[in-house]
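Coordinates as given in work25.cif (mmCIF, C-alpha atoms and all ligand atoms):
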```
data_start
#
loop_
_atom_site.label_atom_id
_atom_site.label_comp_id
_atom_site.auth_asym_id
_atom_site.auth_seq_id
_atom_site.Cartn_x
_atom_site.Cartn_y
_atom_site.Cartn_z
CA GLU A 30 25.07 -3.24 13.96
CA HIS A 31 21.32 -3.84 14.03
CA PHE A 32 19.54 -7.01 15.00
CA PHE A 33 18.18 -7.47 11.48
CA ASN A 34 19.61 -5.76 8.38
CA ILE A 35 18.82 -5.70 4.72
CA ASN A 36 21.62 -4.02 2.80
CA ASN A 37 21.30 -2.77 -0.78
CA LEU A 38 19.19 -5.78 -1.75
CA LYS A 39 18.57 -6.23 -5.46
CA VAL A 40 16.27 -8.95 -6.69
CA ASN A 41 15.33 -10.23 -10.13
CA ILE A 42 12.39 -12.25 -11.30
CA ASP A 43 13.60 -13.85 -14.52
CA ASP A 44 15.69 -11.05 -16.01
CA LYS A 45 13.63 -8.21 -14.63
CA GLU A 46 14.95 -6.26 -11.68
CA ILE A 47 12.14 -5.81 -9.14
CA LEU A 48 14.00 -4.74 -6.00
CA LYS A 49 16.58 -2.09 -6.80
CA GLY A 50 18.55 -1.64 -3.61
CA VAL A 51 16.39 -2.08 -0.51
CA ASN A 52 17.86 -1.01 2.82
CA LEU A 53 16.13 -1.82 6.09
CA GLU A 54 17.36 -1.92 9.67
CA VAL A 55 15.23 -3.48 12.38
CA GLY A 56 16.20 -3.35 16.04
CA LYS A 57 15.28 -5.90 18.68
CA GLY A 58 11.69 -5.55 19.84
CA GLU A 59 10.76 -3.05 17.14
CA THR A 60 7.63 -3.06 15.00
CA HIS A 61 8.06 -1.91 11.40
CA ILE A 62 5.43 -1.42 8.72
CA ILE A 63 6.07 -1.47 5.00
CA MET A 64 3.54 0.28 2.77
CA GLY A 65 3.53 0.95 -0.93
CA PRO A 66 1.34 0.94 -4.03
CA ASN A 67 0.41 -2.24 -5.88
CA GLY A 68 3.30 -3.73 -7.79
CA SER A 69 5.99 -1.83 -5.89
CA GLY A 70 7.74 -5.02 -4.75
CA LYS A 71 6.40 -5.61 -1.24
CA SER A 72 5.53 -9.27 -1.76
CA THR A 73 8.75 -9.73 -3.73
CA LEU A 74 10.62 -8.56 -0.64
CA ALA A 75 8.66 -10.96 1.58
CA TYR A 76 9.22 -13.93 -0.76
CA THR A 77 12.90 -13.08 -1.06
CA LEU A 78 13.24 -13.00 2.72
CA MET A 79 11.61 -16.43 2.79
CA GLY A 80 14.18 -17.75 0.31
CA HIS A 81 11.71 -18.52 -2.45
CA PRO A 82 13.71 -19.85 -5.46
CA LEU A 83 11.85 -17.73 -8.04
CA TYR A 84 13.40 -14.58 -6.58
CA LYS A 85 17.08 -14.20 -7.48
CA VAL A 86 19.21 -12.05 -5.24
CA THR A 87 21.73 -10.30 -7.51
CA ASN A 88 23.19 -7.99 -4.89
CA GLY A 89 23.14 -7.21 -1.21
CA GLU A 90 22.81 -8.94 2.13
CA ILE A 91 20.18 -10.16 4.57
CA ASN A 92 21.60 -10.48 8.09
CA LEU A 93 20.06 -11.69 11.32
CA GLU A 94 22.21 -11.19 14.42
CA GLY A 95 25.24 -10.70 12.20
CA GLU A 96 24.70 -13.92 10.27
CA SER A 97 23.93 -13.93 6.56
CA LEU A 98 20.69 -15.63 5.57
CA LYS A 99 21.02 -14.97 1.86
CA ASP A 100 22.16 -18.42 0.80
CA LEU A 101 20.08 -20.44 3.26
CA SER A 102 16.95 -22.45 2.44
CA ALA A 103 13.59 -21.45 3.89
CA ASP A 104 13.83 -24.21 6.52
CA LYS A 105 17.28 -23.05 7.64
CA ARG A 106 16.05 -19.47 7.91
CA ALA A 107 13.24 -20.68 10.15
CA ILE A 108 15.78 -22.48 12.34
CA LYS A 109 17.76 -19.23 12.60
CA GLY A 110 14.63 -17.57 13.97
CA MET A 111 12.75 -16.08 11.07
CA PHE A 112 9.03 -16.51 10.52
CA LEU A 113 7.14 -15.69 7.37
CA SER A 114 3.40 -15.55 7.18
CA PHE A 115 3.05 -17.71 4.10
CA GLN A 116 5.16 -20.49 5.57
CA TYR A 117 1.87 -21.97 6.66
CA PRO A 118 1.07 -24.89 4.36
CA GLU A 119 -2.08 -25.62 2.46
CA GLU A 120 -4.32 -28.46 3.51
CA VAL A 121 -2.33 -31.46 4.69
CA ASP A 122 -4.07 -34.82 4.75
CA GLY A 123 -4.70 -36.35 8.14
CA VAL A 124 -2.52 -33.96 10.17
CA THR A 125 -4.14 -32.07 13.01
CA VAL A 126 -3.24 -28.51 13.93
CA GLU A 127 -1.65 -29.78 17.14
CA GLU A 128 0.49 -32.42 15.40
CA PHE A 129 1.55 -29.96 12.75
CA LEU A 130 2.58 -27.29 15.23
CA ARG A 131 4.41 -29.76 17.47
CA THR A 132 6.39 -31.07 14.48
CA ALA A 133 7.10 -27.53 13.26
CA LYS A 134 8.37 -26.53 16.71
CA THR A 135 10.52 -29.67 16.96
CA LYS A 136 12.07 -28.89 13.57
CA THR A 137 12.74 -25.21 14.12
CA TRP A 138 13.95 -25.53 17.70
CA GLY A 139 15.76 -28.82 17.16
CA GLU A 140 14.32 -30.14 20.39
CA MET A 141 11.76 -32.87 20.75
CA GLN A 142 8.50 -31.36 22.02
CA ARG A 143 6.96 -33.66 24.58
CA ILE A 144 3.24 -34.21 24.11
CA LEU A 145 1.86 -33.07 27.45
CA PRO A 146 3.92 -29.89 27.94
CA PHE A 147 3.22 -29.00 24.32
CA LYS A 148 -0.53 -29.46 24.84
CA LYS A 149 -0.33 -27.07 27.76
CA LEU A 150 1.60 -24.48 25.77
CA LEU A 151 -0.82 -24.77 22.87
CA LYS A 152 -3.80 -24.35 25.17
CA GLU A 153 -2.31 -21.16 26.64
CA LYS A 154 -1.53 -19.66 23.25
CA MET A 155 -4.95 -20.56 21.90
CA GLU A 156 -6.67 -18.99 24.87
CA ALA A 157 -4.65 -15.82 24.36
CA LEU A 158 -5.96 -15.66 20.80
CA GLU A 159 -9.52 -16.47 21.90
CA MET A 160 -9.47 -19.67 19.87
CA ASP A 161 -11.81 -22.54 20.56
CA GLU A 162 -10.10 -25.65 21.99
CA SER A 163 -11.50 -27.74 19.17
CA TYR A 164 -9.12 -26.08 16.68
CA ALA A 165 -6.25 -28.16 18.02
CA THR A 166 -7.74 -31.46 16.91
CA ARG A 167 -9.04 -30.30 13.54
CA TYR A 168 -7.22 -31.31 10.41
CA LEU A 169 -4.91 -28.62 9.18
CA ASN A 170 -6.70 -25.99 7.10
CA LEU A 171 -9.35 -28.49 6.01
CA GLY A 172 -12.50 -26.46 5.60
CA PHE A 173 -11.00 -23.54 7.53
CA SER A 174 -12.41 -20.14 6.70
CA GLY A 175 -10.06 -17.30 5.77
CA GLY A 176 -10.31 -15.96 9.30
CA GLU A 177 -9.54 -19.37 10.81
CA LYS A 178 -6.49 -19.83 8.59
CA LYS A 179 -5.34 -16.40 9.68
CA LYS A 180 -5.79 -17.35 13.34
CA ASN A 181 -3.76 -20.50 12.78
CA GLU A 182 -0.99 -18.56 11.14
CA ILE A 183 -0.77 -16.19 14.09
CA LEU A 184 -0.96 -19.19 16.44
CA GLN A 185 1.96 -20.77 14.59
CA MET A 186 3.96 -17.59 15.06
CA SER A 187 3.25 -17.48 18.77
CA ILE A 188 4.15 -21.18 19.20
CA LEU A 189 7.39 -21.02 17.20
CA GLU A 190 8.50 -17.82 18.94
CA PRO A 191 10.74 -16.62 16.10
CA LYS A 192 13.20 -13.77 16.64
CA ILE A 193 11.71 -11.85 13.75
CA ALA A 194 8.40 -12.27 11.95
CA ILE A 195 7.60 -10.91 8.49
CA LEU A 196 3.87 -10.79 7.76
CA ASP A 197 2.62 -9.95 4.28
CA GLU A 198 -0.98 -8.93 4.76
CA THR A 199 -1.24 -6.80 1.64
CA ASP A 200 -3.29 -8.95 -0.67
CA SER A 201 -5.08 -11.19 1.75
CA GLY A 202 -8.37 -9.30 1.88
CA LEU A 203 -8.70 -9.35 5.66
CA ASP A 204 -12.07 -8.59 7.18
CA VAL A 205 -12.34 -6.50 10.35
CA ASP A 206 -12.31 -9.57 12.60
CA ALA A 207 -9.20 -10.95 10.93
CA ILE A 208 -7.48 -7.58 11.29
CA ARG A 209 -8.25 -7.63 14.99
CA ILE A 210 -6.88 -11.19 15.27
CA VAL A 211 -3.65 -10.23 13.53
CA ALA A 212 -3.27 -7.14 15.71
CA GLN A 213 -3.99 -9.08 18.90
CA GLY A 214 -1.58 -11.87 17.94
CA VAL A 215 1.17 -9.45 17.01
CA LYS A 216 0.77 -7.53 20.24
CA LYS A 217 1.00 -10.71 22.30
CA PHE A 218 4.00 -11.84 20.26
CA LYS A 219 6.13 -8.77 20.45
CA ASP A 220 8.24 -8.08 23.45
CA LYS A 221 11.70 -6.69 24.06
CA GLU A 222 13.29 -9.65 22.28
CA ARG A 223 11.07 -10.08 19.24
CA SER A 224 10.82 -7.93 16.15
CA ILE A 225 8.14 -7.74 13.54
CA VAL A 226 7.77 -6.37 10.03
CA VAL A 227 4.23 -6.11 8.69
CA ILE A 228 3.46 -5.37 5.07
CA THR A 229 0.02 -3.81 5.03
CA HIS A 230 -2.19 -1.10 3.67
CA TYR A 231 -4.83 -1.45 6.35
CA ASN A 232 -5.08 1.72 8.38
CA LYS A 233 -7.02 -0.09 11.05
CA LEU A 234 -4.14 -2.54 11.54
CA LEU A 235 -1.69 0.36 11.71
CA GLU A 236 -3.69 2.00 14.47
CA TYR A 237 -3.80 -1.21 16.48
CA LEU A 238 -0.09 -1.91 16.06
CA ALA A 239 1.29 1.55 16.80
CA PRO A 240 4.54 0.79 14.92
CA ASP A 241 7.93 2.30 15.67
CA TYR A 242 8.61 2.96 11.99
CA ILE A 243 6.73 3.11 8.70
CA HIS A 244 8.62 2.60 5.43
CA ILE A 245 7.37 3.41 1.95
CA LEU A 246 8.48 0.99 -0.75
CA MET A 247 8.14 2.40 -4.26
CA ASP A 248 9.73 1.37 -7.51
CA GLY A 249 11.76 -1.31 -5.74
CA LYS A 250 13.30 0.92 -3.07
CA ILE A 251 12.43 2.22 0.34
CA ILE A 252 12.07 5.88 -0.50
CA LYS A 253 11.01 7.20 2.89
CA THR A 254 11.03 6.13 6.53
CA GLY A 255 9.03 7.86 9.23
CA GLY A 256 6.34 7.43 11.85
CA MET A 257 2.55 7.32 11.83
CA GLU A 258 2.45 10.70 10.09
CA LEU A 259 3.58 8.96 6.89
CA ALA A 260 0.47 6.77 6.85
CA LYS A 261 -1.64 9.88 7.21
CA GLU A 262 0.24 11.55 4.40
CA ILE A 263 -0.33 8.57 2.09
CA ASP A 264 -3.99 8.53 3.01
CA GLU A 265 -4.48 12.21 2.34
CA ASN A 266 -2.29 12.76 -0.72
CA GLY A 267 -1.91 9.38 -2.42
CA TYR A 268 1.22 7.64 -3.67
CA GLU A 269 1.76 9.88 -6.70
CA GLU A 270 2.33 12.89 -4.45
CA ILE A 271 4.58 10.78 -2.24
CA ARG A 272 6.57 9.75 -5.31
CA LYS A 273 7.11 13.37 -6.38
CA LYS A 274 8.09 14.44 -2.91
CA TYR A 275 10.47 11.66 -1.88
CA LEU A 276 11.62 9.67 -4.90
CA LYS A 277 14.95 11.00 -6.07
P1 LIG B 301 3.35 -5.71 -4.34
O1 LIG B 301 3.33 -6.85 -3.37
O2 LIG B 301 3.98 -4.47 -3.80
O3 LIG B 301 2.01 -5.43 -4.93
P2 LIG B 301 4.88 -7.51 -6.03
O4 LIG B 301 6.13 -7.81 -5.30
O5 LIG B 301 3.80 -8.52 -6.00
O6 LIG B 301 4.32 -6.10 -5.56
O7 LIG B 301 5.24 -7.22 -7.54
C1 LIG B 301 6.32 -6.36 -7.92
C2 LIG B 301 6.57 -6.47 -9.42
O8 LIG B 301 7.05 -7.76 -9.73
C3 LIG B 301 5.34 -6.25 -10.28
O9 LIG B 301 5.74 -5.53 -11.42
C4 LIG B 301 4.91 -7.64 -10.63
O10 LIG B 301 4.27 -7.65 -11.88
C5 LIG B 301 6.23 -8.38 -10.69
N1 LIG B 301 6.05 -9.78 -10.31
C6 LIG B 301 5.67 -10.23 -9.09
N2 LIG B 301 5.62 -11.57 -9.06
C7 LIG B 301 5.97 -11.98 -10.29
C8 LIG B 301 6.13 -13.28 -10.92
N3 LIG B 301 5.87 -14.40 -10.25
N4 LIG B 301 6.53 -13.32 -12.21
C9 LIG B 301 6.77 -12.18 -12.89
N5 LIG B 301 6.67 -10.95 -12.37
C10 LIG B 301 6.26 -10.84 -11.10
MG MG B 302 0.32 -6.94 -5.32
MG MG B 303 1.87 -7.95 -2.44
#
```
Reformat the file's structure so that it appears as structure tokens.
Ligand code: ADP
Ligand code: MG
Ligand code: MG
Amino acid sequence: EHFFNINNLKVNIDDKEILKGVNLEVGKGETHIIMGPNGSGKSTLAYTLMGHPLYKVTNGEINLEGESLKDLSADKRAIKGMFLSFQYPEEVDGVTVEEFLRTAKTKTWGEMQRILPFKKLLKEKMEALEMDESYATRYLNLGFSGGEKKKNEILQMSILEPKIAILDETDSGLDVDAIRIVAQGVKKFKDKERSIVVITHYNKLLEYLAPDYIHILMDGKIIKTGGMELAKEIDENGYEEIRKKYLK
């Protein structure tokens, strides 16, 4: 029994089947990468894991530490220890980054976060991400650049300390600095206890992360699992060759 399991997951949007039996097993402390061509269902998988109501699970299971998450709301999943990159809200009026993160931690951990110890924790985490102190007192996302939003997202992950984080970086158009921030944040986050699944096509990010496994999602299924050599193969031959070789 793995730490985190997805078993034969089938997902519809409206009446169209998008995920056609996804299997994924993630052990404690492991880093997994999911790659795949546009439209293969990567974001669908991420949204489904978040519990987004548009995505209807018609079959299969999502288990974290032996507990099914399939019928839980996004908030409940967060309480169970799951973090998703797009959990981060849009601009919220009159709420500072610090207030937002303290409230989020209180909700997910179910423990009141006292102001002074939380300030100290936040300061440490921000320093680790080379963030300016002034971020903490800025209003959430208001006038933040793409890179700043990305930093805040990674900061949120490091503050909430989820058991497993799913980051969908595929369509976010990260610049080189943002890629470095993500990589740095992920490296600081992962330890023996914490697992991470990153959806990406950025080779630079792959190099930084040195994942344990790479999975190729095509036509709604994971058709191949391997190591860094798979990324090289995709790069050199393209997805059509991969499809011919591995899709049965
Ligand atoms: P990827 O992230 O791998 O590029 P997506 O999960 O975004 O792929 O999309 C997978 C398939 O689901 C595509 O065929 C896409 O057109 C379809 N799809 C995604 N989101 C929606 C939606 N909101 N409504 C209808 N179809 C969608
Ligand atoms: Mg897409
Ligand atoms: Mg996508």
Can you pull out every residue with an atom within 12 Å of ligand MG 302 (chain B)? Use all atoms listed in the file and format it as a CSV table (one decimal) with C-alpha atoms, in the coordinates of the input.
```csv
chain,number,residue,atom,x,y,z
A,64,MET,CA,3.5,0.3,2.8
A,65,GLY,CA,3.5,1.0,-0.9
A,66,PRO,CA,1.3,0.9,-4.0
A,67,ASN,CA,0.4,-2.2,-5.9
A,68,GLY,CA,3.3,-3.7,-7.8
A,69,SER,CA,6.0,-1.8,-5.9
A,70,GLY,CA,7.7,-5.0,-4.8
A,71,LYS,CA,6.4,-5.6,-1.2
A,72,SER,CA,5.5,-9.3,-1.8
A,73,THR,CA,8.8,-9.7,-3.7
A,74,LEU,CA,10.6,-8.6,-0.6
A,75,ALA,CA,8.7,-11.0,1.6
A,197,ASP,CA,2.6,-10.0,4.3
A,198,GLU,CA,-1.0,-8.9,4.8
A,199,THR,CA,-1.2,-6.8,1.6
A,200,ASP,CA,-3.3,-9.0,-0.7
A,201,SER,CA,-5.1,-11.2,1.8
A,202,GLY,CA,-8.4,-9.3,1.9
A,228,ILE,CA,3.5,-5.4,5.1
A,229,THR,CA,0.0,-3.8,5.0
A,230,HIS,CA,-2.2,-1.1,3.7
```
* Which residue gives the smallest distance to ligand MG 303 (chain B) among A:Glu177, A:Val205, A:Ile63, A:Leu234, with all atoms listed in the file counted? ->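 Comparing A:Glu177, A:Val205, A:Ile63, A:Leu234 against ligand MG 303 (chain B), the winner is A:Ile63.
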* To do: Between atom C10 of ligand LIG 301 (chain B) and atom CA of Lys253 of chain A, measure the distance and give it in Å to one decimal.
  =>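 Spanning atom C10 of ligand LIG 301 (chain B) to atom CA of Lys253 of chain A is a straight-line distance of 23.3 Å.
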* With all atoms listed in the file as the atoms that count, which of A:Ile245, A:Ile263, A:Met111, A:Val55 lies nearest to ligand LIG 301 (chain B)? -> A:Ile245
* Between A:Ile183, A:Leu171, A:Leu203, A:Met141, single out the one closest to Val215 of chain A, counting all atoms listed in the file. =>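 Checking each candidate against Val215 of chain A, we get A:Ile183 as the closest.
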* **Option closest in space to ligand MG 303 (chain B), from A:Tyr76, A:Val124, A:Leu259, A:Ile108 [counting all atoms listed in the file]** =>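 Ranked by minimum distance to ligand MG 303 (chain B), first place goes to A:Tyr76.
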* Atomic separation - atom CA of Leu151 of chain A relative to atom CA of Leu238 of chain A, Å ->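 If I compute the distance from atom CA of Leu238 of chain A to atom CA of Leu151 of chain A, I get 23.9 Å.
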* Structure fact -> atom CA of Val121 of chain A to atom CA of Ile225 of chain A measures 27.4 Å
Which centre and edge lengths in Å to one decimal define the box along x, y and z that fits every listed atom of ligand LIG 301 (chain B) plus 3 Å per side, as JSON?
```
{"center_x": 4.5, "center_y": -9.4, "center_z": -8.1, "size_x": 11.0, "size_y": 15.9, "size_z": 15.5}
```
* To do: Point out the residue among A:Gly123, A:Gly249, A:Pro191, A:Gly267 with the least atom-to-atom distance to Ser224 of chain A, counting all atoms listed in the file.
  =>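 Ranked by minimum distance to Ser224 of chain A, first place goes to A:Pro191.
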For Glu46 of chain A: contacts at 10 Å, all atoms listed in the file, fewer than 4 positions along chain excluded, given as a CSV table (one decimal) with C-alpha atoms, in the frame of the given file:
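Output file selection-v4.csv is given in full below:
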```csv
chain,number,residue,atom,x,y,z
A,39,LYS,CA,18.6,-6.2,-5.5
A,40,VAL,CA,16.3,-9.0,-6.7
A,41,ASN,CA,15.3,-10.2,-10.1
A,42,ILE,CA,12.4,-12.2,-11.3
A,50,GLY,CA,18.6,-1.6,-3.6
A,84,TYR,CA,13.4,-14.6,-6.6
A,85,LYS,CA,17.1,-14.2,-7.5
A,86,VAL,CA,19.2,-12.0,-5.2
A,87,THR,CA,21.7,-10.3,-7.5
A,249,GLY,CA,11.8,-1.3,-5.7
```
* For Lys152 of chain A: contacts at 8 Å, only C-alpha atoms, fewer than 4 positions along chain excluded, given as a ChimeraX atom specification -> /A:148,156,162
* Structure fact -> One residue among A:Ile62, A:Leu189, A:Leu83, A:Ala239 is nearest to ligand LIG 301 (chain B) when using only C-alpha atoms and all ligand atoms, and that residue is A:Leu83
* What lies within 12 Å of Thr137 of chain A using all atoms listed in the file, ignoring chain neighbours under 6 positions off, as a PyMOL selection string? -> chain A and resi 103-112+130-131+185-186+188-192
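The list of residues within 12 Å of (2.4, -32.3, 24.7), counted using all atoms listed in the file, is Glu127, Glu128, Leu130, Arg131, Thr132, Lys134, Thr135, Met141, Gln142, Arg143, Ile144, Leu145, Pro146, Phe147, Lys148, Lys149, Leu150, Leu151, Lys152 and Ala165 of chain A.
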